[in-house]
Amino acid sequence: EVHGAQLSLVTNVAQRGLVGVQAALGLNLSNGDVDGVGQLSLGANIARGGMQGMQATLGLNVATQDVSGMQLALGVNHANNALHGVQFTLGVNSVAGDMKGLQGAMALNRAHAVTGVQLGLINVGGDVTGMQLGLINVASVVHGMQLGLINVSQEVNGVPLGLLTFEKKGQFHLEVFGSDLQLTNVALKFGGKHLYTTLIAGIGPDDRFQRFSLGLGLGGHIPLGSRFWVDVDAAGSNVLSTDNPFSEDSNNLLVQVRAMVGFQVMSRFAVFGGPTYNAWFTWGDPGFAKLSTLPVRSHDISGTRRVQNWPGFQLGVRI
C-alpha cells in the first residue's frame, strides 16, 4: 500500500491500494483502491480497484470497480462498474455499470444506465433519466430529453427533439394527401407519442408537373379520445421547377401552419383534414405566378422579394 506520493518519469506501481497521488509521464498502476488526489500521467492510469478522486491522462484511464470522482483523457475513459461523477474526453467514455453525473466526449459516450447528462457526438445509454445531447442518441427508456439529429429509443417519457426520431412506442406513419397547393403529397411522420417530425414531398398533375416541393415540419400530436386526434405543426418547404430545380434565380420558401383533425378508422388507417395558413417568400423569379388555386394576397418586400399569403386546406389518409 502507498500512503503519500509516487512520482516518476516512467512508471508508478502500487501492489495494493493508494491513498494519495501517482504522477508519471508514462504509466500509473494501482492493484487496489485509489483514494485521494488520484493518478496523473501522459500515458495511462489504471486502478484495479475502486477510484475516489481523479484520473487524468492524455491516453487511457481505467478503473475496474466503482468510480467516485473524475476521469479526464484525450483518449479513453473506462469504468468497469458504476460511475458517480464526471468523464471528459476527446475520444470515448465508457461505463459498464450505472452512470450518475456527466459524460462529455467528442466521439462516443456509453453507459449501461444514465442518471444525468450525456454530451457527445454519439450517446448510447440504457435507461436514461436526464438528457442526451448529441448528433446520434440511442437509449432504451428515457425520462427526460433526447436532443440530436437522430434519436432512437424504445420509449420516451419527456421530449425527443431531432430531425429523425425513432421511438418504438411512438409513431411512424405514411400520409398521402391533397391540398390547394398540389394534388399529390406524401409525408413520413415519425417521433414520440406527442412530438413528431414530418418529411414532406409533393407534386401535382394539376399543374402539368411543372413544379414539386420538398419540406420538413415539426409538430405535436393531441389524442382526443380513442379515435379522434389533432395534429398541429409548422412546416417549411422549397418549391422547385422540374425543368431547372436548382436555379439560383428561383430561391423561395413556403411556410405553413397546419391543424389536422383525424379519425382513426382502424388501427393502421385514418382519415384527416383541416385548415392551413401559408406564406410563400420568393427571391428572384421562381417561374410561378402563384402556388394555390385559391385567392392569395401578394406584397412586395423589395424590388425582387415578394410574399404571398392565404388560408388553405388539406385532406388525406394515414397508414
# chains A, B, ... in the order shown; residues from 1 in each chain; ligands from 1
$ residues_around --residues "region 158-161 of chain A" --least-positions-apart "2" --cutoff "8 Å" --atoms "only C-alpha atoms" --output "list in words"
Val142, His143, Gly144, Met145, Gln146, Leu147, Gly148, Asn151, Val156, Leu163, Thr165, Gly191, Gly192 and Leu195 of chain A
$ residues_around --residues "region 252-260 of chain A" --least-positions-apart "2" --cutoff "7 Å" --atoms "only C-alpha atoms" --output "number ranges by chain"
A: 230-239, 250, 262, 272-283
$ residues_around --residues "region 242-247 of chain A" --least-positions-apart "2" --cutoff "12 Å" --atoms "only C-alpha atoms" --output "ChimeraX atom specification"
/A:202-204,207-214,238-240,249-252,283-288
$ write_last_selection --atoms "N, CA and C atoms" --output "compact mmCIF listing (two decimals), in the first residue's frame"
# COMPACT_ATOMS: atom_id res chain seq x y z
N GLY A 202 -44.14 16.74 -52.52
CA GLY A 202 -45.38 16.89 -53.27
C GLY A 202 -45.15 17.23 -54.72
N ILE A 203 -46.09 16.81 -55.56
CA ILE A 203 -46.09 17.15 -56.98
C ILE A 203 -47.54 17.10 -57.46
N GLY A 204 -47.87 17.87 -58.47
CA GLY A 204 -49.26 17.93 -58.88
C GLY A 204 -49.47 17.78 -60.37
N ASP A 207 -50.89 20.90 -62.28
CA ASP A 207 -50.10 21.97 -62.89
C ASP A 207 -49.14 21.41 -63.95
N ARG A 208 -49.50 20.25 -64.52
CA ARG A 208 -48.75 19.61 -65.58
C ARG A 208 -47.33 19.26 -65.14
N PHE A 209 -47.16 18.93 -63.87
CA PHE A 209 -45.87 18.52 -63.31
C PHE A 209 -44.78 19.57 -63.52
N GLN A 210 -45.14 20.83 -63.49
CA GLN A 210 -44.16 21.88 -63.69
C GLN A 210 -43.34 22.16 -62.43
N ARG A 211 -43.82 21.76 -61.27
CA ARG A 211 -43.11 22.04 -60.02
C ARG A 211 -43.33 20.90 -59.02
N PHE A 212 -42.41 20.82 -58.08
CA PHE A 212 -42.53 19.88 -56.97
C PHE A 212 -41.97 20.56 -55.72
N SER A 213 -42.27 19.98 -54.57
CA SER A 213 -41.84 20.59 -53.31
C SER A 213 -41.25 19.54 -52.38
N LEU A 214 -40.28 19.99 -51.58
CA LEU A 214 -39.66 19.16 -50.55
C LEU A 214 -39.63 19.97 -49.26
N ASN A 238 -39.39 23.97 -49.86
CA ASN A 238 -38.82 24.64 -51.03
C ASN A 238 -39.57 24.15 -52.27
N VAL A 239 -40.12 25.08 -53.06
CA VAL A 239 -40.86 24.74 -54.27
C VAL A 239 -39.91 24.90 -55.45
N LEU A 240 -39.74 23.81 -56.21
CA LEU A 240 -38.72 23.76 -57.25
C LEU A 240 -39.35 23.47 -58.60
N ASP A 249 -31.82 31.72 -59.39
CA ASP A 249 -32.78 32.82 -59.53
C ASP A 249 -34.16 32.47 -58.99
N SER A 250 -34.33 31.28 -58.48
CA SER A 250 -35.67 30.88 -58.04
C SER A 250 -35.68 30.44 -56.58
N ASN A 251 -34.95 31.17 -55.74
CA ASN A 251 -34.96 30.85 -54.32
C ASN A 251 -36.31 31.21 -53.71
N ASN A 252 -36.86 30.30 -52.92
CA ASN A 252 -38.14 30.56 -52.30
C ASN A 252 -38.31 29.69 -51.07
N TRP A 283 -37.43 35.06 -53.79
CA TRP A 283 -36.32 35.94 -54.13
C TRP A 283 -35.98 35.67 -55.59
N GLY A 284 -36.07 36.67 -56.40
CA GLY A 284 -35.86 36.47 -57.83
C GLY A 284 -37.14 36.05 -58.51
N ASP A 285 -37.02 35.25 -59.57
CA ASP A 285 -38.17 34.81 -60.35
C ASP A 285 -38.32 33.30 -60.23
N PRO A 286 -39.26 32.81 -59.43
CA PRO A 286 -39.42 31.36 -59.29
C PRO A 286 -40.04 30.69 -60.49
N GLY A 287 -40.62 31.46 -61.39
CA GLY A 287 -41.24 30.87 -62.57
C GLY A 287 -42.71 30.55 -62.40
N PHE A 288 -43.27 30.81 -61.23
CA PHE A 288 -44.69 30.55 -60.98
C PHE A 288 -45.32 31.82 -60.44
$ closest_residue --among "A:Gln71, A:Thr304, A:Thr197, A:Gln103" --to "Ile122 (chain A)" --atoms "only C-alpha atoms"
A:Gln103
$ select_by_dssp --residues "region 28-156 of chain A" --states "strand (DSSP E)" --output "NGL selection string"
:A and (28-30 or 34-41 or 44-47 or 51-57 or 60-63 or 67-73 or 76-79 or 83-89 or 92-105 or 108-138 or 141-153 or 155-156)
$ atom_distance --atom1 "CA of Asp127 (chain A)" --atom2 "CA of Met99 (chain A)"
10.5 Å
$ residues_around --residues "Val128 (chain A)" --least-positions-apart "6" --cutoff "12 Å" --atoms "only C-alpha atoms" --output "PyMOL selection string"
chain A and resi 98-101+110-118+137-146+153-158
$ closest_residue --among "A:Val92, A:Leu218, A:Val296, A:Leu83" --to "Gly59 (chain A)" --atoms "only C-alpha atoms"
A:Val92
$ residues_around --residues "region 41-54 of chain A" --least-positions-apart "3" --cutoff "8 Å" --atoms "only C-alpha atoms" --output "PyMOL selection string"
chain A and resi 17+23-38+57-72
